[in-house]
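Novice: For reference, this is entry-v3.csv, and it has CSV, C-alpha atoms and all ligand atoms.
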chain,number,residue,atom,x,y,z
J,1,MET,CA,8.5,-14.7,16.3
J,2,VAL,CA,5.1,-15.6,14.9
J,3,SER,CA,2.9,-17.0,17.7
J,4,TRP,CA,1.6,-20.5,17.6
J,5,PHE,CA,-1.8,-19.0,17.7
J,6,SER,CA,-1.3,-17.1,14.4
J,7,ARG,CA,0.1,-20.3,12.8
J,8,LEU,CA,-2.9,-22.2,14.0
J,9,VAL,CA,-5.4,-19.7,12.6
J,10,VAL,CA,-3.5,-19.7,9.3
J,11,SER,CA,-3.3,-23.4,9.0
J,12,MET,CA,-7.0,-23.8,9.8
J,13,THR,CA,-8.1,-21.0,7.4
J,14,ILE,CA,-6.2,-22.4,4.4
J,15,ARG,CA,-7.9,-25.7,4.9
J,16,MET,CA,-11.3,-24.2,5.0
J,17,PRO,CA,-13.7,-24.2,2.0
J,18,ARG,CA,-13.6,-21.3,-0.4
J,19,TRP,CA,-16.8,-19.7,0.9
J,20,PHE,CA,-15.3,-19.5,4.3
J,21,VAL,CA,-12.1,-17.8,3.1
J,22,ARG,CA,-14.4,-15.4,1.1
J,23,TRP,CA,-16.3,-14.7,4.3
J,24,VAL,CA,-13.1,-14.0,6.2
J,25,SER,CA,-11.7,-11.8,3.4
J,26,ARG,CA,-14.9,-9.9,2.7
J,27,ARG,CA,-14.0,-7.0,4.9
J,28,TYR,CA,-10.5,-6.7,3.3
J,29,VAL,CA,-11.4,-7.2,-0.4
J,30,ALA,CA,-14.1,-5.1,-2.1
J,31,GLY,CA,-15.2,-8.1,-4.2
J,32,PRO,CA,-14.4,-9.7,-7.6
J,33,ASN,CA,-15.3,-6.8,-9.9
J,34,LEU,CA,-14.5,-3.2,-10.5
J,35,ALA,CA,-18.1,-2.3,-9.7
J,36,ASP,CA,-17.6,-3.7,-6.2
J,37,ALA,CA,-14.6,-1.4,-5.7
J,38,VAL,CA,-16.6,1.6,-7.0
J,39,ASN,CA,-19.5,0.8,-4.5
J,40,VAL,CA,-17.1,0.6,-1.6
J,41,MET,CA,-15.5,3.9,-2.5
J,42,THR,CA,-18.9,5.6,-3.0
J,43,ARG,CA,-19.8,4.4,0.5
J,44,LEU,CA,-16.5,5.4,2.2
J,45,LYS,CA,-16.2,8.8,0.5
J,46,LYS,CA,-18.9,10.1,2.8
J,47,GLU,CA,-16.3,9.8,5.6
J,48,GLY,CA,-14.0,12.1,3.6
J,49,ALA,CA,-11.5,9.4,2.7
J,50,CYS,CA,-9.6,9.1,-0.6
J,51,PHE,CA,-8.5,5.9,-2.2
J,52,THR,CA,-6.0,3.8,-4.0
J,53,ILE,CA,-7.1,0.8,-6.1
J,54,ASP,CA,-5.3,-2.5,-6.3
J,55,VAL,CA,-6.3,-5.1,-8.9
J,56,LEU,CA,-5.4,-8.4,-7.2
J,57,GLY,CA,-2.8,-10.6,-8.6
J,58,GLU,CA,1.0,-10.8,-9.0
J,59,GLU,CA,3.8,-13.0,-10.3
J,60,ILE,CA,2.2,-13.7,-13.6
J,61,THR,CA,3.8,-16.3,-16.0
J,62,THR,CA,3.0,-14.8,-19.4
J,63,PHE,CA,2.8,-11.4,-20.9
J,64,ASP,CA,-0.8,-11.9,-22.0
J,65,GLU,CA,-1.6,-11.8,-18.3
J,66,ALA,CA,0.4,-8.6,-17.9
J,67,LEU,CA,-1.7,-7.1,-20.7
J,68,ASP,CA,-4.9,-8.2,-18.9
J,69,PHE,CA,-3.7,-6.2,-15.9
J,70,TYR,CA,-2.9,-3.2,-18.1
J,71,ASN,CA,-6.4,-3.3,-19.6
J,72,GLU,CA,-8.1,-3.7,-16.3
J,73,TYR,CA,-6.2,-0.7,-14.9
J,74,VAL,CA,-7.3,1.3,-17.9
J,75,ASN,CA,-10.9,0.4,-16.9
J,76,VAL,CA,-10.1,1.4,-13.3
J,77,ILE,CA,-8.8,4.8,-14.4
J,78,SER,CA,-12.0,5.4,-16.5
J,79,ALA,CA,-14.2,4.3,-13.6
J,80,ILE,CA,-12.5,6.7,-11.2
J,81,ALA,CA,-12.9,9.6,-13.6
J,82,GLU,CA,-16.5,8.8,-14.5
J,83,ASN,CA,-17.5,8.5,-10.9
J,84,LYS,CA,-15.5,11.6,-9.9
J,85,LEU,CA,-13.7,9.7,-7.1
J,86,ASP,CA,-10.7,11.0,-5.3
J,87,ALA,CA,-8.6,8.0,-6.0
J,88,ASN,CA,-5.4,6.8,-7.7
J,89,ILE,CA,-4.0,3.3,-8.5
J,90,SER,CA,-1.5,1.0,-6.9
J,91,ILE,CA,0.2,-1.6,-9.1
J,92,LYS,CA,2.4,-4.6,-8.4
J,93,PRO,CA,5.4,-4.6,-10.8
J,94,THR,CA,5.5,-8.4,-11.0
J,95,ALA,CA,1.9,-8.3,-12.3
J,96,PHE,CA,3.3,-6.3,-15.2
J,97,GLY,CA,5.9,-9.0,-15.8
J,98,ILE,CA,9.2,-7.3,-14.6
J,99,HIS,CA,10.4,-10.6,-13.2
J,100,ILE,CA,9.9,-12.3,-16.7
J,101,ASP,CA,11.5,-9.5,-18.8
J,102,TYR,CA,12.4,-6.3,-17.0
J,103,GLU,CA,12.5,-4.1,-20.2
J,104,GLN,CA,9.1,-5.3,-21.4
J,105,GLY,CA,7.5,-5.1,-17.9
J,106,ALA,CA,8.9,-1.6,-17.4
J,107,ALA,CA,7.6,-0.5,-20.8
J,108,LEU,CA,4.1,-1.6,-19.9
J,109,ILE,CA,4.3,0.3,-16.6
J,110,GLU,CA,5.5,3.4,-18.5
J,111,LYS,CA,2.5,3.1,-20.9
J,112,LEU,CA,0.0,2.9,-18.0
J,113,THR,CA,1.7,5.7,-16.0
J,114,THR,CA,1.6,7.9,-19.1
J,115,TYR,CA,-2.1,7.1,-19.6
J,116,ALA,CA,-2.8,7.8,-15.9
J,117,ASN,CA,-1.0,11.1,-16.3
J,118,GLN,CA,-3.4,12.1,-19.0
J,119,HIS,CA,-6.1,11.8,-16.4
J,120,GLN,CA,-4.0,13.6,-13.7
J,121,MET,CA,-3.7,10.4,-11.8
J,122,PHE,CA,-0.9,9.2,-9.6
J,123,VAL,CA,0.5,5.6,-9.9
J,124,ARG,CA,2.0,3.9,-6.8
J,125,LEU,CA,4.3,1.0,-7.4
J,126,ASP,CA,3.6,-1.4,-4.5
J,127,MET,CA,6.8,-3.0,-3.0
J,128,GLU,CA,7.0,-6.7,-3.2
J,129,ASP,CA,9.7,-8.9,-1.7
J,130,HIS,CA,13.4,-8.1,-1.8
J,131,ARG,CA,14.0,-9.9,-5.1
J,132,VAL,CA,12.4,-6.9,-6.9
J,133,THR,CA,13.3,-4.0,-4.7
J,134,ASP,CA,16.0,-2.7,-7.0
J,135,ASP,CA,13.9,-3.1,-10.1
J,136,THR,CA,10.9,-1.3,-8.6
J,137,ILE,CA,13.0,1.7,-7.5
J,138,ASN,CA,14.8,1.8,-10.8
J,139,ILE,CA,11.5,2.0,-12.7
J,140,VAL,CA,10.5,5.0,-10.7
J,141,ILE,CA,13.8,6.7,-11.2
J,142,ASP,CA,13.8,6.1,-15.0
J,143,LEU,CA,10.2,7.4,-15.4
J,144,HIS,CA,11.1,10.6,-13.5
J,145,LYS,CA,14.2,11.0,-15.7
J,146,LYS,CA,11.8,10.8,-18.7
J,147,GLY,CA,9.7,13.6,-17.2
J,148,ILE,CA,6.9,11.2,-16.1
J,149,LYS,CA,6.5,12.2,-12.5
J,150,ASN,CA,3.1,11.0,-11.4
J,151,VAL,CA,4.7,7.9,-10.0
J,152,GLY,CA,6.3,6.9,-6.7
J,153,THR,CA,7.3,3.8,-4.9
J,154,VAL,CA,6.9,2.1,-1.5
J,155,LEU,CA,9.7,1.6,0.9
J,156,GLN,CA,9.6,-1.0,3.8
J,157,GLY,CA,10.8,0.1,7.2
J,158,ARG,CA,11.9,-3.4,8.1
J,159,LEU,CA,14.6,-3.6,5.4
J,160,HIS,CA,18.1,-2.6,6.4
J,161,ARG,CA,18.6,-0.9,3.1
J,162,THR,CA,15.7,1.6,3.3
J,163,LEU,CA,17.6,4.7,4.6
J,164,GLY,CA,20.1,4.2,1.8
J,165,ASP,CA,17.3,4.0,-0.7
J,166,ILE,CA,15.8,7.3,0.6
J,167,GLU,CA,19.2,8.9,0.1
J,168,THR,CA,19.5,7.5,-3.5
J,169,LEU,CA,16.0,8.8,-4.3
J,170,ARG,CA,16.7,12.1,-2.7
J,171,GLU,CA,19.8,12.5,-4.9
J,172,LYS,CA,17.9,11.4,-8.1
J,173,LEU,CA,14.5,12.9,-7.6
J,174,GLY,CA,15.0,15.6,-5.0
J,175,SER,CA,11.7,16.6,-3.4
J,176,ASP,CA,9.7,15.1,-6.3
J,177,ALA,CA,10.2,11.8,-4.4
J,178,ASP,CA,6.7,10.6,-3.3
J,179,TYR,CA,6.7,7.6,-0.9
J,180,ARG,CA,4.5,5.2,0.8
J,181,ILE,CA,6.3,4.0,3.9
J,182,CYS,CA,5.1,0.8,5.6
J,183,LYS,CA,6.7,-1.8,7.8
J,184,GLY,CA,6.7,-4.4,5.0
J,185,ILE,CA,4.5,-7.4,4.8
J,186,TYR,CA,7.1,-9.9,3.6
J,187,LEU,CA,8.9,-11.7,6.3
J,188,GLU,CA,12.4,-11.2,5.0
J,189,PRO,CA,15.5,-13.0,6.4
J,190,GLY,CA,17.5,-11.5,9.4
J,191,ASN,CA,20.6,-10.7,7.3
J,192,ILE,CA,18.6,-8.1,5.3
J,193,ALA,CA,15.8,-7.1,7.6
J,194,TYR,CA,14.8,-6.3,11.1
J,195,THR,CA,12.7,-9.0,12.5
J,196,GLY,CA,11.5,-7.9,16.0
J,197,TYR,CA,8.4,-5.7,16.5
J,198,ALA,CA,10.2,-2.9,18.4
J,199,GLU,CA,13.1,-2.7,15.9
J,200,ILE,CA,10.8,-2.6,12.9
J,201,VAL,CA,8.8,0.2,14.5
J,202,HIS,CA,12.0,2.1,15.3
J,203,ALA,CA,13.4,1.7,11.8
J,204,THR,CA,10.0,2.6,10.2
J,205,ASN,CA,9.9,5.8,12.3
J,206,LYS,CA,13.4,6.7,11.3
J,207,ALA,CA,12.5,6.3,7.6
J,208,ILE,CA,9.5,8.5,8.1
J,209,ASP,CA,11.7,11.3,9.7
J,210,THR,CA,14.3,11.0,6.9
J,211,MET,CA,11.6,11.2,4.2
J,212,PHE,CA,10.1,14.3,5.8
J,213,ASP,CA,13.5,15.9,6.2
J,214,ALA,CA,14.3,15.3,2.5
J,215,GLY,CA,11.2,17.3,1.5
J,216,ALA,CA,9.4,14.3,0.0
J,217,TYR,CA,5.7,13.6,0.0
J,218,VAL,CA,5.1,10.9,2.7
J,219,GLY,CA,2.2,8.5,2.7
J,220,ILE,CA,2.4,6.8,6.1
J,221,ALA,CA,0.8,3.4,5.7
J,222,THR,CA,0.1,1.9,9.1
J,223,HIS,CA,-2.6,1.0,11.6
J,224,ASP,CA,-0.1,0.9,14.4
J,225,LYS,CA,-0.5,3.6,17.1
J,226,PRO,CA,3.3,4.0,17.9
J,227,VAL,CA,4.0,4.8,14.3
J,228,ILE,CA,1.0,7.2,14.0
J,229,LEU,CA,2.0,9.0,17.2
J,230,HIS,CA,5.6,9.3,16.0
J,231,THR,CA,4.3,10.8,12.8
J,232,MET,CA,2.2,13.3,14.7
J,233,GLU,CA,5.2,14.4,16.7
J,234,LYS,CA,7.2,14.9,13.5
J,235,LEU,CA,4.4,16.9,12.0
J,236,ASN,CA,4.3,19.1,15.1
J,237,GLN,CA,8.0,19.6,14.9
J,238,LEU,CA,7.8,20.7,11.2
J,239,ASN,CA,4.7,22.8,11.8
J,240,MET,CA,2.8,20.6,9.4
J,241,GLY,CA,-0.7,19.1,9.7
J,242,PRO,CA,-4.4,19.7,9.0
J,243,GLY,CA,-5.1,23.1,7.5
J,244,LYS,CA,-1.4,24.0,7.4
J,245,ASN,CA,0.7,24.6,4.3
J,246,ASP,CA,3.8,22.5,3.8
J,247,THR,CA,6.5,25.1,4.6
J,248,ARG,CA,9.5,22.7,4.8
J,249,GLU,CA,12.5,24.4,3.2
J,250,HIS,CA,13.0,21.7,0.6
J,251,ALA,CA,9.3,20.8,0.2
J,252,GLY,CA,8.2,19.5,-3.2
J,253,SER,CA,5.4,21.4,-5.0
J,254,ILE,CA,1.8,20.6,-4.2
J,255,ARG,CA,1.0,17.3,-5.9
J,256,GLN,CA,-2.3,16.6,-7.7
J,257,GLY,CA,-4.8,14.8,-5.5
J,258,LYS,CA,-2.4,14.9,-2.5
J,259,GLY,CA,-2.4,16.5,0.9
J,260,PRO,CA,0.0,19.2,2.2
J,261,GLY,CA,3.2,17.1,2.2
J,262,TYR,CA,1.8,13.9,3.7
J,263,GLU,CA,-1.2,11.6,4.1
J,264,PHE,CA,-2.1,8.5,6.2
J,265,GLN,CA,-2.9,5.3,4.4
J,266,MET,CA,-4.9,2.3,5.7
J,267,LEU,CA,-6.1,-1.0,4.4
J,268,LEU,CA,-9.8,-1.5,3.7
J,269,GLY,CA,-11.5,-3.2,6.7
J,270,VAL,CA,-8.7,-2.5,9.2
J,271,ARG,CA,-9.2,-0.1,12.2
J,272,GLY,CA,-12.1,1.9,10.9
J,273,PRO,CA,-12.5,3.9,14.1
J,274,LEU,CA,-8.9,5.0,13.9
J,275,ARG,CA,-9.3,6.0,10.3
J,276,ARG,CA,-12.4,8.0,11.1
J,277,LYS,CA,-10.6,9.7,14.0
J,278,LEU,CA,-7.8,10.8,11.7
J,279,LEU,CA,-10.2,12.1,9.1
J,280,LYS,CA,-12.2,14.0,11.8
J,281,GLU,CA,-8.9,15.6,12.9
J,282,GLY,CA,-8.5,16.8,9.3
J,283,HIS,CA,-5.7,14.5,8.1
J,284,ARG,CA,-5.9,13.2,4.6
J,285,VAL,CA,-6.5,9.4,4.8
J,286,ARG,CA,-6.2,7.1,1.8
J,287,VAL,CA,-7.9,3.7,1.9
J,288,TYR,CA,-6.3,0.9,0.0
J,289,ILE,CA,-9.0,-1.0,-1.9
J,290,PRO,CA,-8.1,-4.4,-3.3
J,291,TYR,CA,-10.5,-6.1,-5.7
J,292,GLY,CA,-10.4,-8.8,-8.3
J,293,GLU,CA,-11.2,-12.3,-9.3
J,294,LYS,CA,-8.0,-13.5,-7.7
J,295,TRP,CA,-9.3,-12.7,-4.2
J,296,TYR,CA,-9.0,-16.3,-3.1
J,297,GLU,CA,-5.4,-16.7,-4.1
J,298,TYR,CA,-4.6,-13.3,-2.7
J,299,SER,CA,-6.1,-14.1,0.7
J,300,ILE,CA,-4.4,-17.5,1.0
J,301,ARG,CA,-1.0,-16.2,-0.2
J,302,ARG,CA,-1.0,-13.3,2.3
J,303,LEU,CA,-1.9,-15.6,5.1
J,304,LYS,CA,0.9,-18.0,4.2
J,305,GLU,CA,3.4,-15.3,3.6
J,306,ASN,CA,2.8,-13.5,6.9
J,307,PRO,CA,1.0,-15.7,9.5
J,308,THR,CA,0.8,-12.7,11.9
J,309,ILE,CA,-2.1,-11.6,9.8
J,310,GLY,CA,-3.8,-14.7,11.3
J,311,THR,CA,-3.8,-13.0,14.7
J,312,HIS,CA,-5.3,-9.8,13.2
J,313,VAL,CA,-8.0,-11.9,11.4
J,314,ALA,CA,-8.9,-13.9,14.5
J,315,LYS,CA,-9.0,-10.7,16.6
J,316,ALA,CA,-11.2,-9.0,14.1
J,317,PHE,CA,-13.7,-11.8,14.3
J,318,LEU,CA,-13.5,-12.6,18.0
J,319,MET,CA,-13.4,-9.0,19.1
J,320,PRO,CA,-15.0,-7.0,16.3
J,321,TRP,CA,-15.3,-3.9,18.4
J,322,THR,CA,-11.5,-3.5,18.3
J,323,ASN,CA,-11.4,-3.5,14.5
J,324,ARG,CA,-14.7,-2.4,12.9
J,325,PRO,CA,-14.7,-1.5,9.2
J,401,LIG,P1,0.8,-4.0,12.9
J,401,LIG,O1,0.9,-5.2,12.0
J,401,LIG,O2,1.5,-3.9,14.2
J,401,LIG,O3,-0.7,-3.7,13.1
J,401,LIG,C1,-1.2,-2.8,14.1
J,401,LIG,C2,-2.7,-3.2,14.3
J,401,LIG,O4,-3.4,-3.0,13.2
J,401,LIG,C3,-2.9,-4.6,14.7
J,401,LIG,O5,-2.8,-4.9,16.1
J,401,LIG,C4,-4.3,-4.9,14.2
J,401,LIG,O6,-5.3,-4.5,15.1
J,401,LIG,C5,-4.4,-4.0,13.0
J,401,LIG,N1,-4.0,-4.7,11.7
J,401,LIG,C6,-2.9,-4.6,11.0
J,401,LIG,N2,-3.0,-5.4,9.8
J,401,LIG,C7,-4.2,-6.0,9.9
J,401,LIG,C8,-4.9,-6.9,9.0
J,401,LIG,N3,-4.4,-7.3,7.9
J,401,LIG,N4,-6.1,-7.3,9.4
J,401,LIG,C9,-6.7,-6.9,10.6
J,401,LIG,N5,-6.1,-6.0,11.4
J,401,LIG,C10,-4.9,-5.6,11.1
J,401,LIG,N6,3.5,-3.9,2.6
J,401,LIG,C11,4.5,-4.2,1.7
J,401,LIG,O7,5.4,-5.0,1.9
J,401,LIG,N7,4.4,-3.6,0.5
J,401,LIG,C12,3.4,-2.7,0.2
J,401,LIG,O8,3.4,-2.1,-0.9
J,401,LIG,C13,2.4,-2.4,1.2
J,401,LIG,N8,1.4,-1.5,0.9
J,401,LIG,C14,0.6,-1.2,2.0
J,401,LIG,C15,-0.4,-0.2,1.8
J,401,LIG,C16,-1.2,0.2,2.8
J,401,LIG,C17,-2.2,1.3,2.6
J,401,LIG,C18,-1.0,-0.4,4.1
J,401,LIG,C19,-1.8,0.1,5.3
J,401,LIG,C20,-0.1,-1.4,4.3
J,401,LIG,C21,0.7,-1.8,3.2
J,401,LIG,N9,1.6,-2.8,3.4
J,401,LIG,C22,2.5,-3.1,2.4
J,401,LIG,C23,1.5,-3.7,4.6
J,401,LIG,C24,2.4,-3.2,5.7
J,401,LIG,O9,3.8,-3.3,5.4
J,401,LIG,C25,2.2,-4.0,7.0
J,401,LIG,O10,2.4,-5.3,6.8
J,401,LIG,C26,0.7,-3.8,7.5
J,401,LIG,O11,0.2,-2.6,7.4
J,401,LIG,C27,0.7,-4.2,9.0
J,401,LIG,O12,1.5,-3.3,9.7
J,401,LIG,P2,1.0,-2.1,10.7
J,401,LIG,O13,2.0,-1.0,10.6
J,401,LIG,O14,-0.4,-1.8,10.4
J,401,LIG,O15,1.2,-2.7,12.1
What does the file become when written as structure tokens?

Specialist:
Amino acid sequence: MVSWFSRLVVSMTIRMPRWFVRWVSRRYVAGPNLADAVNVMTRLKKEGACFTIDVLGEEITTFDEALDFYNEYVNVISAIAENKLDANISIKPTAFGIHIDYEQGAALIEKLTTYANQHQMFVRLDMEDHRVTDDTINIVIDLHKKGIKNVGTVLQGRLHRTLGDIETLREKLGSDADYRICKGIYLEPGNIAYTGYAEIVHATNKAIDTMFDAGAYVGIATHDKPVILHTMEKLNQLNMGPGKNDTREHAGSIRQGKGPGYEFQMLLGVRGPLRRKLLKEGHRVRVYIPYGEKWYEYSIRRLKENPTIGTHVAKAFLMPWTNRP
């Protein structure tokens, strides 16, 4: 249940002027331009973090907009290479038009992934709501079938289907499967998703175990201590962790720009102290850096989609010591 407090914060924020929303989102969004993202990465790389870049925007209505995204991501790849940053890219399949025309959208994603491959760069397909889960997974499977393997998807712990999806991907990709696992930001209906905090954590932890046991590369995207602690236990069990080689029986080969079988992933501006603690302990931590002109639409949409973010935002501002960048 989303608390009345979260709803209140959300309903207040979305009525506020643009400058206020920008002020609120400043810590979570690098800025409107690619140069802003490069600046943030240059600053954070001193901590030892690596990055994934997200150009804001999704659910486009014409293919011209998809081409704009393609061109911007080509610029991102060049900027990462020129600035010698330890970074890859995250893309939203709907920003490439898969919901308008699957074939055309998938072809554009293939073109970008091939281009990224020429720069030894990995492409993560973010997972959007349940309407595009199958399409997103199928694009990854098809690309791997074509020998384009620098690509992986995100699975959401909250969805009932996730363990089945891990099994399908294990069958089709073996240990080449490369995941980001998160709880899932979209509040999906109870017939397809877990809705309570404890059951979402339990399901996410189960998905993490299953991914590790399948030999896959696992990017654990969370700021939630119970999920992080569970991952630490699993790493101990498998004798994996900082400074250790990935000796799982079915482990995939060492991936370019990746850690020894796993990495943690966190959002820009969220739980900086925890991020720095993990980095100090020697874990690989990737920071998700959103930027783009659509920062306003992105911020408002996220707040409307998942009002629990309202609580995080309020907490971050009322008690900044709990959530410093
Ligand atoms: P939880 O929501 O319980 O948060 C734990 C604590 O972290 C909170 O108490 C708060 O202190 C802090 N916190 C979390 N989110 C915050 C925020 N926005 N602002 C301020 N504080 C916050 N989802 C999806 O559906 N598809 C995707 O592709 C991705 N991709 C993705 C990448 C990365 C790198 C991350 C970290 C997350 C995603 N997500 C996502 C979002 C994810 O599914 C989930 O909604 C959020 O990470 C929040 O869940 P936590 O596990 O952090 O726990």

Novice: Report as a list in words all protein, DNA and RNA residues lying within 9 Å of J:Val287, evaluated on only C-alpha atoms, omitting residues in the same chain fewer than 6 positions from it.

Specialist: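 Counting only the stated atoms, we get Met41, Leu44, Ala49, Cys50, Phe51, Thr52, Ile53, Phe264, Gln265, Met266, Leu267, Leu268 and Arg275 of chain J.
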
Novice: Could you give me, as a count of residues only, the residues within 12 Å of stretch 232-235 of chain J, counting only C-alpha atoms and dropping anything in the same chain fewer than 3 positions from it?

Specialist: 34

Novice: Give me, as a list in words, all polymer residues having an atom no more than 10 Å from J:Val21, counting all atoms listed in the file and skipping those fewer than 3 positions away in the same chain.

Specialist: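 The contact residues come out as Thr13, Ile14, Arg15, Met16, Pro17, Arg18, Val24, Ser25, Arg26, Trp295, Tyr296, Glu297, Ser299 and Ile300 of chain J.
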
Novice: Go through J:Ile309, J:Thr222, J:Gly164, J:Leu303 one by one, measure the shortest atom-to-atom distance of each to J:Arg271 using all atoms listed in the file, and give the residue with the smallest value.

Specialist: J:Thr222

Novice: Which one of J:Val40, J:Val285, J:Ala221, J:Leu125 sits closest to ligand LIG 401 (chain J) if you count all atoms listed in the file?

Specialist: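 Closest residue, counting all atoms listed in the file: J:Ala221.
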
Novice: Neighbouring residues of stretch 172-185 of chain J were defined as those with any atom within 8 Å, considering all atoms listed in the file; residues of the same chain fewer than 3 positions away were excluded. Please report them as JSON, numbers by chain.

Specialist: {"J": [141, 144, 149, 151, 152, 153, 154, 155, 156, 157, 158, 159, 168, 169, 200, 201, 204, 207, 208, 211, 214, 215, 216, 217, 218, 219, 220, 221, 222, 250, 251, 252, 253, 306]}

Novice: Nearest residue to J:Tyr194 out of J:Ile109, J:Arg170, J:Gly282, J:His160, using all atoms listed in the file?

Specialist: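 The closest residue to J:Tyr194 is J:His160.
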
Novice: Report the distance between atom CA of J:Asn39 and atom N4 of ligand LIG 401 (chain J) in Å, rounded to one decimal place.

Specialist: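 Between atom CA of J:Asn39 and atom N4 of ligand LIG 401 (chain J) the gap is 20.9 Å.
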
Novice: Find the spatial neighbours of J:His130, counting only C-alpha atoms, within a cut-off of 9 Å - ignore same-chain residues fewer than 4 positions away - and output them as a compact mmCIF listing (two decimals) with C-alpha atoms, in the coordinates of the input.

Specialist:
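Produced file result_15.txt, reproduced below:
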# COMPACT_ATOMS: atom_id res chain seq x y z
CA ASP J 134 16.00 -2.70 -7.00
CA LEU J 159 14.60 -3.60 5.40
CA TYR J 186 7.10 -9.90 3.60
CA GLU J 188 12.40 -11.20 5.00
CA ILE J 192 18.60 -8.10 5.30

Novice: Taking into account all atoms listed in the file, which residue in the set J:Ile80, J:Ile91, J:Val132, J:Met127 is nearest to ligand LIG 401 (chain J)?

Specialist: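 Checking each candidate against ligand LIG 401 (chain J), we get J:Met127 as the closest.
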
Novice: Would you mind telling me which residue in J:Phe122, J:Tyr102, J:Tyr115, J:Phe63 lies nearest to J:Asp135 when using only C-alpha atoms?

Specialist: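 Nearest to J:Asp135: J:Tyr102.
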
Novice: By how many Å are atom CA of J:Gly57 and atom CA of J:Ala95 apart?

Specialist: 6.4 Å

Novice: In Å, how far is it from atom C8 of ligand LIG 401 (chain J) to atom CA of J:Glu293?

Specialist: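 Result for atom C8 of ligand LIG 401 (chain J) versus atom CA of J:Glu293: 20.1 Å, one decimal.
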
Novice: Let me make sure I understand: among J:Gly292, J:Gly190, J:Gly31, J:Pro273, which one has the smallest atom-to-atom distance to ligand LIG 401 (chain J) if we use all atoms listed in the file?

Specialist: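 Closest to ligand LIG 401 (chain J) of all the choices is J:Pro273.
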
Novice: If you take every atom of stretch 25-34 of chain J that the file lists and fit an axis-aligned box around them with 6 Å extra on each side, what centre and edge lengths come out in Å to one decimal, as lines of an AutoDock Vina configuration file?

Specialist:
center_x = -12.9
center_y = -7.5
center_z = -2.8
size_x = 16.8
size_y = 20.6
size_z = 27.4
